[in-house]
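See below for the structure under consideration.
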Amino acid sequence: MHQHAAMVTGGATRLGRYFSEALADAGYDIALHVNRSREEAEKVAHVIRAKGRECEIFPCDFLSDDLSDLIQSAKQRFPGLNLLLNSASTYEPAPIAATELAALETQFRVNMFTPLLLTRHFAEAVQKGQVINIIDNKVAYHQYPYAAYLLSKKSLAEMTRMAALEFAPRIRINGIAPGVVLPASQRTSDYIKWRIEGIPLKRQGDPNHLVQALHYLLDNPFVAGQILFVDGGESINLEGRHSENYSA
């Protein structure tokens, strides 16, 4: 019986690192995908091995390398591979009026095309397993200042539902849509406070909240095609303007 193993894309930085280490705690060996963050990947691999799990680093540039090789190499190294967690992402804000073709191609390639193709190759390589896509609670909005990024993530959400139908019951596919959990380093405290004011639960999230969501999706065999929003209710705060909240 082979040890369970997970391929985590972008698994060395930000949320990917939390997911990688949480999966190691849950008994998974880790196929750790990395592109430029090789030094960070070595640190994460050291932590995972210290937990008693195996970890192998798999470099791959999603803009140029062969994606089928990534899954095949991981399956060869870890015959028990039964989870694909698509966490790698790229982000470049711009409204539609300032969006160039290159930005569209890069963000769709990393944020949508790659998870789709990796899901296909994963389904070809394993008999049974799960795919979990890390999305973004912004998919609930139409925030045009992030046009290419947000459209790619909205497409990823729809792909998650579509793939869940296509590959069921053999492969169970779901998504997690984080809210304000790990804001970008350039975000000021005033900005974060302002964001929290728009969250019904009036607090910032913690990576452990996303890890709890991960465990729920892993452990509940009757959940498929769902996008689990972990955002303090921010994405349902769409009351809009009406006569009773109008102040002249």
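To be explicit about the labels: the chains of the structure tokens are called A, B, and onward in the order shown, and within each one the residues are counted from 1, while ligands get numbers from 1 in the order they are shown.
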All alpha helix (DSSP H) residues (DSSP, backbone) inside stretch 85-195 of chain A, as a VMD selection string: chain A and resid 101 to 108 114 to 125 147 to 167 189 to 195
Enumerate the residues of stretch 137-214 of chain A with a DSSP assignment of strand (DSSP E or B), computed from the backbone, and present them as a count of residues only. 9
Neighbouring residues of A:Gln127 were defined as those with any atom within 8 Å, considering only C-alpha atoms; residues of the same chain fewer than 3 positions away were excluded. Please report them as a list in words. Ala123, Glu124 and Arg170 of chain A
May I have the selected residues written with C-alpha atoms, as a JSON list (two decimals), in the first residue's frame?
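The new file part08.json reads:
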[["chain", "number", "residue", "atom", "x", "y", "z"],
["A", 123, "ALA", "CA", -7.07, 12.10, -14.16],
["A", 124, "GLU", "CA", -5.07, 10.15, -16.73],
["A", 170, "ARG", "CA", -13.58, 8.61, -9.87]]
Surrounding residues of stretch 30-38 of chain A excluding itself and chain neighbours under 2 positions, 7 Å, only C-alpha atoms, as a count of residues only: 23
Give me, please, the distance in Å between atom CA of A:Ala147 and atom CA of A:Ala213, quoted to one decimal. 27.1 Å
Counting only C-alpha atoms, what is within 12 Å of A:Ile192, bar same-chain residues fewer than 6 positions away, as JSON, numbers by chain? {"A": [179, 180, 181, 182, 183, 184, 185, 186, 198, 199, 202, 203, 204, 205]}
With a distance cut-off of 12 Å and only C-alpha atoms, select the neighbouring residues of A:Glu239, excluding the residue or stretch itself and same-chain residues fewer than 5 positions from it, and output the selection as a compact mmCIF listing (two decimals) with all heavy atoms, in the first residue's frame.
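Saved the output as around-v1.txt:
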# COMPACT_ATOMS: atom_id res chain seq x y z
N GLY A 198 -15.75 45.89 5.68
CA GLY A 198 -16.72 45.34 4.74
C GLY A 198 -16.99 43.85 4.92
O GLY A 198 -17.74 43.27 4.13
N PRO A 200 -18.70 40.94 7.07
CA PRO A 200 -19.71 40.79 8.12
C PRO A 200 -19.16 40.31 9.46
O PRO A 200 -19.62 40.76 10.51
CB PRO A 200 -20.68 39.78 7.50
CG PRO A 200 -20.59 40.04 6.03
CD PRO A 200 -19.14 40.34 5.79
N GLU A 234 -17.70 38.02 3.43
CA GLU A 234 -17.50 39.20 2.58
C GLU A 234 -18.20 39.06 1.24
O GLU A 234 -18.82 40.01 0.75
CB GLU A 234 -16.00 39.44 2.36
CG GLU A 234 -15.70 40.70 1.57
CD GLU A 234 -14.21 40.91 1.34
OE1 GLU A 234 -13.45 39.93 1.32
OE2 GLU A 234 -13.81 42.08 1.16
N GLU A 244 -34.11 52.23 1.62
CA GLU A 244 -33.98 52.24 3.06
C GLU A 244 -32.55 52.50 3.54
O GLU A 244 -32.33 52.74 4.72
CB GLU A 244 -34.49 50.92 3.65
CG GLU A 244 -35.97 50.67 3.40
CD GLU A 244 -36.84 51.82 3.89
OE1 GLU A 244 -36.70 52.23 5.06
OE2 GLU A 244 -37.65 52.34 3.10
N ASN A 245 -31.56 52.37 2.64
CA ASN A 245 -30.20 52.74 3.06
C ASN A 245 -29.73 54.00 2.33
O ASN A 245 -28.56 54.33 2.35
CB ASN A 245 -29.22 51.58 2.89
CG ASN A 245 -28.95 51.19 1.44
OD1 ASN A 245 -29.28 51.93 0.51
ND2 ASN A 245 -28.37 50.02 1.24
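Across the model, the gap from atom CA of A:Leu217 to atom CA of A:Tyr91 is 25.6 Å.
As for atom CA of A:Leu85 and atom CA of A:Ile132, they are spaced 4.8 Å apart.
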